[in-house]
Number of protein chains: 2
Amino acid sequence: MPENSSDPHAPRAPYMEVLAALTAEIEAGKYAPGALIPSDAQLCERFGVARETARRAVKVLRERGLIRTEWGRGSRVVDRSAGADPGNQGPAVPNA
Amino acid sequence: MPENSSDPHAPRAPYMEVLAALTAEIEAGKYAPGALIPSDAQLCERFGVARETARRAVKVLRERGLIRTEWGRGSRVVDRSAGADPGNQGPAVPNA
DNA sequence: TTATATTTGTCCGTATGTATG
DNA sequence: ACATACATACGGACAAATATA
């Protein structure tokens, strides 16, 4: 069962919910640096949203530098420890 | 001076016409519970009104609990049979 | 090599939510 | 009340890159 539904009563837009959940998990270390986060399809299944909505959240994570996305592979958590190469995967958009 | 605030022959506001027509059709069973009612664009076309006007009528239907609105999908007729979950889609504003 | 499955990239059409003239 | 524009969302479709059998 999805964690949330797309009802219009959600305090935030659906993609915001996905974004908040993924951000929290990444910062909590649920996905180690270099590890793959769930795929688009898995996020759709888990959150009960359309792929576009899942991708919108993933895009923000990429813009914020939390993940790197590789075509055909998935998105990996970026190692942000001192001295690590950021990889420059997107424009610098630290926050919204 | 208002041209019709005390004129019993004044026509109802356009959104009232849309509201009355949709209410009658829903209660007549034209749209089964769970079925989608016409979209904003279809209502505009059918009644010859602006989208804002169609949406006002739809909003009242939602507030009255006759329909449930899903973002990106449409508005569905609520099953109001005994024991059915109303879904709580809006503030309780049963009538004007 | 080919075939299949998975994943991301992109595009289309439709619908609602919101804001501004 | 009308007209327009944009943001957000859903659903489907296809292409391109990757991984595996």
# chains A, B, ... in the order shown; residues from 1 in each chain; ligands from 1
$ interface_residues --of "chain B" --to "chain C" --cutoff "10 Å" --atoms "only C-alpha atoms (C1' of nucleotides)" --output "PDB file with all heavy atoms, in the first residue's frame"
ATOM      1  N   SER B  39     -14.970  17.205 -17.311  1.00  0.00           N
ATOM      2  CA  SER B  39     -13.851  18.049 -16.875  1.00  0.00           C
ATOM      3  C   SER B  39     -14.221  19.526 -16.971  1.00  0.00           C
ATOM      4  O   SER B  39     -15.245  19.889 -17.550  1.00  0.00           O
ATOM      5  CB  SER B  39     -12.643  17.774 -17.754  1.00  0.00           C
ATOM      6  OG  SER B  39     -12.866  18.274 -19.052  1.00  0.00           O
ATOM      7  N   ASP B  40     -13.371  20.352 -16.384  1.00  0.00           N
ATOM      8  CA  ASP B  40     -13.566  21.795 -16.471  1.00  0.00           C
ATOM      9  C   ASP B  40     -13.781  22.219 -17.928  1.00  0.00           C
ATOM     10  O   ASP B  40     -14.714  22.960 -18.244  1.00  0.00           O
ATOM     11  CB  ASP B  40     -12.339  22.530 -15.941  1.00  0.00           C
ATOM     12  CG  ASP B  40     -12.151  22.330 -14.453  1.00  0.00           C
ATOM     13  OD1 ASP B  40     -13.009  21.693 -13.827  1.00  0.00           O
ATOM     14  OD2 ASP B  40     -11.135  22.820 -13.932  1.00  0.00           O
ATOM     15  N   ALA B  41     -12.895  21.744 -18.778  1.00  0.00           N
ATOM     16  CA  ALA B  41     -12.954  22.167 -20.180  1.00  0.00           C
ATOM     17  C   ALA B  41     -14.268  21.738 -20.832  1.00  0.00           C
ATOM     18  O   ALA B  41     -14.856  22.485 -21.623  1.00  0.00           O
ATOM     19  CB  ALA B  41     -11.766  21.580 -20.943  1.00  0.00           C
ATOM     20  N   ARG B  55     -15.670  25.909 -12.530  1.00  0.00           N
ATOM     21  CA  ARG B  55     -15.002  25.431 -11.318  1.00  0.00           C
ATOM     22  C   ARG B  55     -15.761  25.841 -10.061  1.00  0.00           C
ATOM     23  O   ARG B  55     -15.723  25.133  -9.045  1.00  0.00           O
ATOM     24  CB  ARG B  55     -13.568  25.967 -11.260  1.00  0.00           C
ATOM     25  CG  ARG B  55     -12.632  25.226 -12.178  1.00  0.00           C
ATOM     26  CD  ARG B  55     -11.240  25.825 -12.173  1.00  0.00           C
ATOM     27  NE  ARG B  55     -10.589  25.689 -10.883  1.00  0.00           N
ATOM     28  CZ  ARG B  55     -10.069  24.545 -10.427  1.00  0.00           C
ATOM     29  NH1 ARG B  55     -10.151  23.453 -11.160  1.00  0.00           N
ATOM     30  NH2 ARG B  55      -9.493  24.503  -9.262  1.00  0.00           N
ATOM     31  N   THR B  69     -12.705  15.231  -5.777  1.00  0.00           N
ATOM     32  CA  THR B  69     -11.835  15.723  -6.839  1.00  0.00           C
ATOM     33  C   THR B  69     -10.416  15.194  -6.651  1.00  0.00           C
ATOM     34  O   THR B  69      -9.876  15.247  -5.555  1.00  0.00           O
ATOM     35  CB  THR B  69     -11.819  17.261  -6.859  1.00  0.00           C
ATOM     36  OG1 THR B  69     -13.144  17.729  -7.128  1.00  0.00           O
ATOM     37  CG2 THR B  69     -10.888  17.780  -7.933  1.00  0.00           C
ATOM     38  N   GLU B  70      -9.848  14.654  -7.731  1.00  0.00           N
ATOM     39  CA  GLU B  70      -8.480  14.115  -7.685  1.00  0.00           C
ATOM     40  C   GLU B  70      -7.598  14.908  -8.632  1.00  0.00           C
ATOM     41  O   GLU B  70      -7.889  15.020  -9.819  1.00  0.00           O
ATOM     42  CB  GLU B  70      -8.500  12.637  -8.082  1.00  0.00           C
ATOM     43  CG  GLU B  70      -9.380  11.798  -7.164  1.00  0.00           C
ATOM     44  CD  GLU B  70      -9.620  10.408  -7.727  1.00  0.00           C
ATOM     45  OE1 GLU B  70      -8.798   9.932  -8.515  1.00  0.00           O
ATOM     46  OE2 GLU B  70     -10.649   9.813  -7.376  1.00  0.00           O
ATOM     47  N   TRP B  71      -6.547  15.419  -8.097  1.00  0.00           N
ATOM     48  CA  TRP B  71      -5.626  16.255  -8.855  1.00  0.00           C
ATOM     49  C   TRP B  71      -5.044  15.480 -10.044  1.00  0.00           C
ATOM     50  O   TRP B  71      -4.508  14.405  -9.892  1.00  0.00           O
ATOM     51  CB  TRP B  71      -4.488  16.706  -7.963  1.00  0.00           C
ATOM     52  CG  TRP B  71      -3.802  17.936  -8.442  1.00  0.00           C
ATOM     53  CD1 TRP B  71      -3.894  18.512  -9.675  1.00  0.00           C
ATOM     54  CD2 TRP B  71      -2.922  18.756  -7.702  1.00  0.00           C
ATOM     55  NE1 TRP B  71      -3.117  19.635  -9.731  1.00  0.00           N
ATOM     56  CE2 TRP B  71      -2.518  19.806  -8.539  1.00  0.00           C
ATOM     57  CE3 TRP B  71      -2.413  18.706  -6.415  1.00  0.00           C
ATOM     58  CZ2 TRP B  71      -1.624  20.795  -8.124  1.00  0.00           C
ATOM     59  CZ3 TRP B  71      -1.543  19.685  -6.018  1.00  0.00           C
ATOM     60  CH2 TRP B  71      -1.152  20.724  -6.858  1.00  0.00           C
ATOM     61  N   GLY B  72      -5.199  16.076 -11.205  1.00  0.00           N
ATOM     62  CA  GLY B  72      -4.655  15.465 -12.411  1.00  0.00           C
ATOM     63  C   GLY B  72      -5.519  14.382 -12.999  1.00  0.00           C
ATOM     64  O   GLY B  72      -5.198  13.814 -14.040  1.00  0.00           O
ATOM     65  N   ARG B  73      -6.636  14.071 -12.333  1.00  0.00           N
ATOM     66  CA  ARG B  73      -7.502  12.994 -12.839  1.00  0.00           C
ATOM     67  C   ARG B  73      -8.876  13.512 -13.187  1.00  0.00           C
ATOM     68  O   ARG B  73      -9.340  13.347 -14.295  1.00  0.00           O
ATOM     69  CB  ARG B  73      -7.630  11.886 -11.801  1.00  0.00           C
ATOM     70  CG  ARG B  73      -6.340  11.133 -11.569  1.00  0.00           C
ATOM     71  CD  ARG B  73      -6.619   9.783 -10.953  1.00  0.00           C
ATOM     72  NE  ARG B  73      -5.376   9.142 -10.507  1.00  0.00           N
ATOM     73  CZ  ARG B  73      -5.074   8.963  -9.249  1.00  0.00           C
ATOM     74  NH1 ARG B  73      -5.907   9.348  -8.317  1.00  0.00           N
ATOM     75  NH2 ARG B  73      -3.947   8.375  -8.909  1.00  0.00           N
ATOM     76  N   GLY B  74      -9.528  14.151 -12.221  1.00  0.00           N
ATOM     77  CA  GLY B  74     -10.890  14.611 -12.466  1.00  0.00           C
ATOM     78  C   GLY B  74     -11.707  14.515 -11.193  1.00  0.00           C
ATOM     79  O   GLY B  74     -11.171  14.275 -10.120  1.00  0.00           O
ATOM     80  N   SER B  75     -13.020  14.692 -11.328  1.00  0.00           N
ATOM     81  CA  SER B  75     -13.903  14.634 -10.160  1.00  0.00           C
ATOM     82  C   SER B  75     -14.850  13.449 -10.309  1.00  0.00           C
ATOM     83  O   SER B  75     -15.461  13.257 -11.360  1.00  0.00           O
ATOM     84  CB  SER B  75     -14.703  15.927 -10.034  1.00  0.00           C
ATOM     85  OG  SER B  75     -13.843  17.015  -9.733  1.00  0.00           O
TER      86      SER B  75
END
$ interface_residues --of "chain A" --to "chain D" --cutoff "12 Å" --atoms "only C-alpha atoms (C1' of nucleotides)" --output "PyMOL selection string"
chain A and resi 6-8+12-16+44+48-56+70-74
$ write_last_selection --atoms "C-alpha atoms" --output "mmCIF file, in the first residue's frame"
data_model
loop_
_atom_site.group_PDB
_atom_site.id
_atom_site.type_symbol
_atom_site.label_atom_id
_atom_site.label_comp_id
_atom_site.auth_asym_id
_atom_site.auth_seq_id
_atom_site.Cartn_x
_atom_site.Cartn_y
_atom_site.Cartn_z
ATOM 1 C CA SER A 6 -2.772 11.944 -4.371
ATOM 2 C CA ASP A 7 -5.690 13.574 -2.644
ATOM 3 C CA PRO A 8 -5.765 17.339 -2.902
ATOM 4 C CA ARG A 12 2.068 19.999 0.117
ATOM 5 C CA ALA A 13 2.179 18.964 -3.513
ATOM 6 C CA PRO A 14 2.700 15.208 -3.885
ATOM 7 C CA TYR A 15 6.215 15.615 -5.217
ATOM 8 C CA MET A 16 7.088 17.560 -2.077
ATOM 9 C CA CYS A 44 5.791 5.360 -8.026
ATOM 10 C CA GLY A 48 1.373 5.983 -5.167
ATOM 11 C CA VAL A 49 2.295 8.755 -7.564
ATOM 12 C CA ALA A 50 2.852 9.056 -11.288
ATOM 13 C CA ARG A 51 6.345 8.757 -12.651
ATOM 14 C CA GLU A 52 6.473 12.426 -13.514
ATOM 15 C CA THR A 53 5.838 13.241 -9.877
ATOM 16 C CA ALA A 54 8.546 10.883 -8.654
ATOM 17 C CA ARG A 55 10.957 12.288 -11.213
ATOM 18 C CA ARG A 56 10.222 15.821 -10.101
ATOM 19 C CA GLU A 70 23.315 7.700 -14.454
ATOM 20 C CA TRP A 71 21.378 6.894 -17.584
ATOM 21 C CA GLY A 72 20.192 3.300 -17.592
ATOM 22 C CA ARG A 73 21.573 2.632 -14.105
ATOM 23 C CA GLY A 74 19.866 4.786 -11.559
#
$ residues_around --residues "stretch 23-37 of chain B" --least-positions-apart "5" --cutoff "10 Å" --atoms "only C-alpha atoms (C1' of nucleotides)" --output "list of chain:residue names"
B:Glu17, B:Val18, B:Gln42, B:Leu43, B:Ala57, B:Val58, B:Val60, B:Leu61, B:Leu66, B:Ile67, B:Arg68, B:Thr69, B:Arg73, B:Gly74, B:Ser75, B:Arg76, B:Val77, B:Val78, B:Asp79, B:Arg80, B:Ser81
$ write_last_selection --atoms "C-alpha atoms" --output "CSV table (one decimal), in the first residue's frame"
chain,number,residue,atom,x,y,z
B,17,GLU,CA,-27.1,27.1,-13.9
B,18,VAL,CA,-24.2,24.8,-14.1
B,42,GLN,CA,-16.0,20.1,-21.1
B,43,LEU,CA,-18.2,22.1,-18.8
B,57,ALA,CA,-20.0,25.0,-9.6
B,58,VAL,CA,-17.8,22.0,-9.2
B,60,VAL,CA,-20.0,23.6,-4.5
B,61,LEU,CA,-20.6,20.0,-5.5
B,66,LEU,CA,-21.6,14.9,-4.1
B,67,ILE,CA,-18.2,14.5,-5.7
B,68,ARG,CA,-14.5,13.9,-4.9
B,69,THR,CA,-11.8,15.7,-6.8
B,73,ARG,CA,-7.5,13.0,-12.8
B,74,GLY,CA,-10.9,14.6,-12.5
B,75,SER,CA,-13.9,14.6,-10.2
B,76,ARG,CA,-15.8,11.5,-9.3
B,77,VAL,CA,-19.3,11.0,-8.0
B,78,VAL,CA,-19.3,9.9,-4.4
B,79,ASP,CA,-21.0,6.8,-3.3
B,80,ARG,CA,-23.5,8.0,-0.7
B,81,SER,CA,-25.1,4.6,0.0
$ atom_distance --atom1 "atom CA of B:Pro38" --atom2 "atom CA of B:Ala21"
12.0 Å
$ decode --residues "chain C" --atoms "C-alpha atoms (C1' of nucleotides)" --output "compact mmCIF listing (two decimals), in the first residue's frame"
# COMPACT_ATOMS: atom_id res chain seq x y z
C1' DT C 1 25.34 -12.56 -30.86
C1' DT C 2 20.59 -11.98 -29.56
C1' DA C 3 16.92 -11.35 -26.38
C1' DT C 4 14.83 -9.63 -22.37
C1' DA C 5 14.37 -6.78 -18.36
C1' DT C 6 15.39 -2.61 -15.94
C1' DT C 7 16.19 2.25 -15.72
C1' DT C 8 16.48 6.89 -17.22
C1' DG C 9 15.24 10.45 -20.99
C1' DT C 10 11.69 12.56 -23.56
C1' DC C 11 7.26 13.69 -25.52
C1' DC C 12 2.19 13.90 -25.84
C1' DG C 13 -2.57 14.76 -24.18
C1' DT C 14 -5.61 15.77 -20.50
C1' DA C 15 -6.98 17.52 -15.89
C1' DT C 16 -6.76 20.24 -11.75
C1' DG C 17 -4.56 24.20 -8.79
C1' DT C 18 -3.26 28.85 -8.67
C1' DA C 19 -2.39 33.56 -10.03
C1' DT C 20 -3.03 37.73 -12.81
C1' DG C 21 -5.22 40.89 -15.81
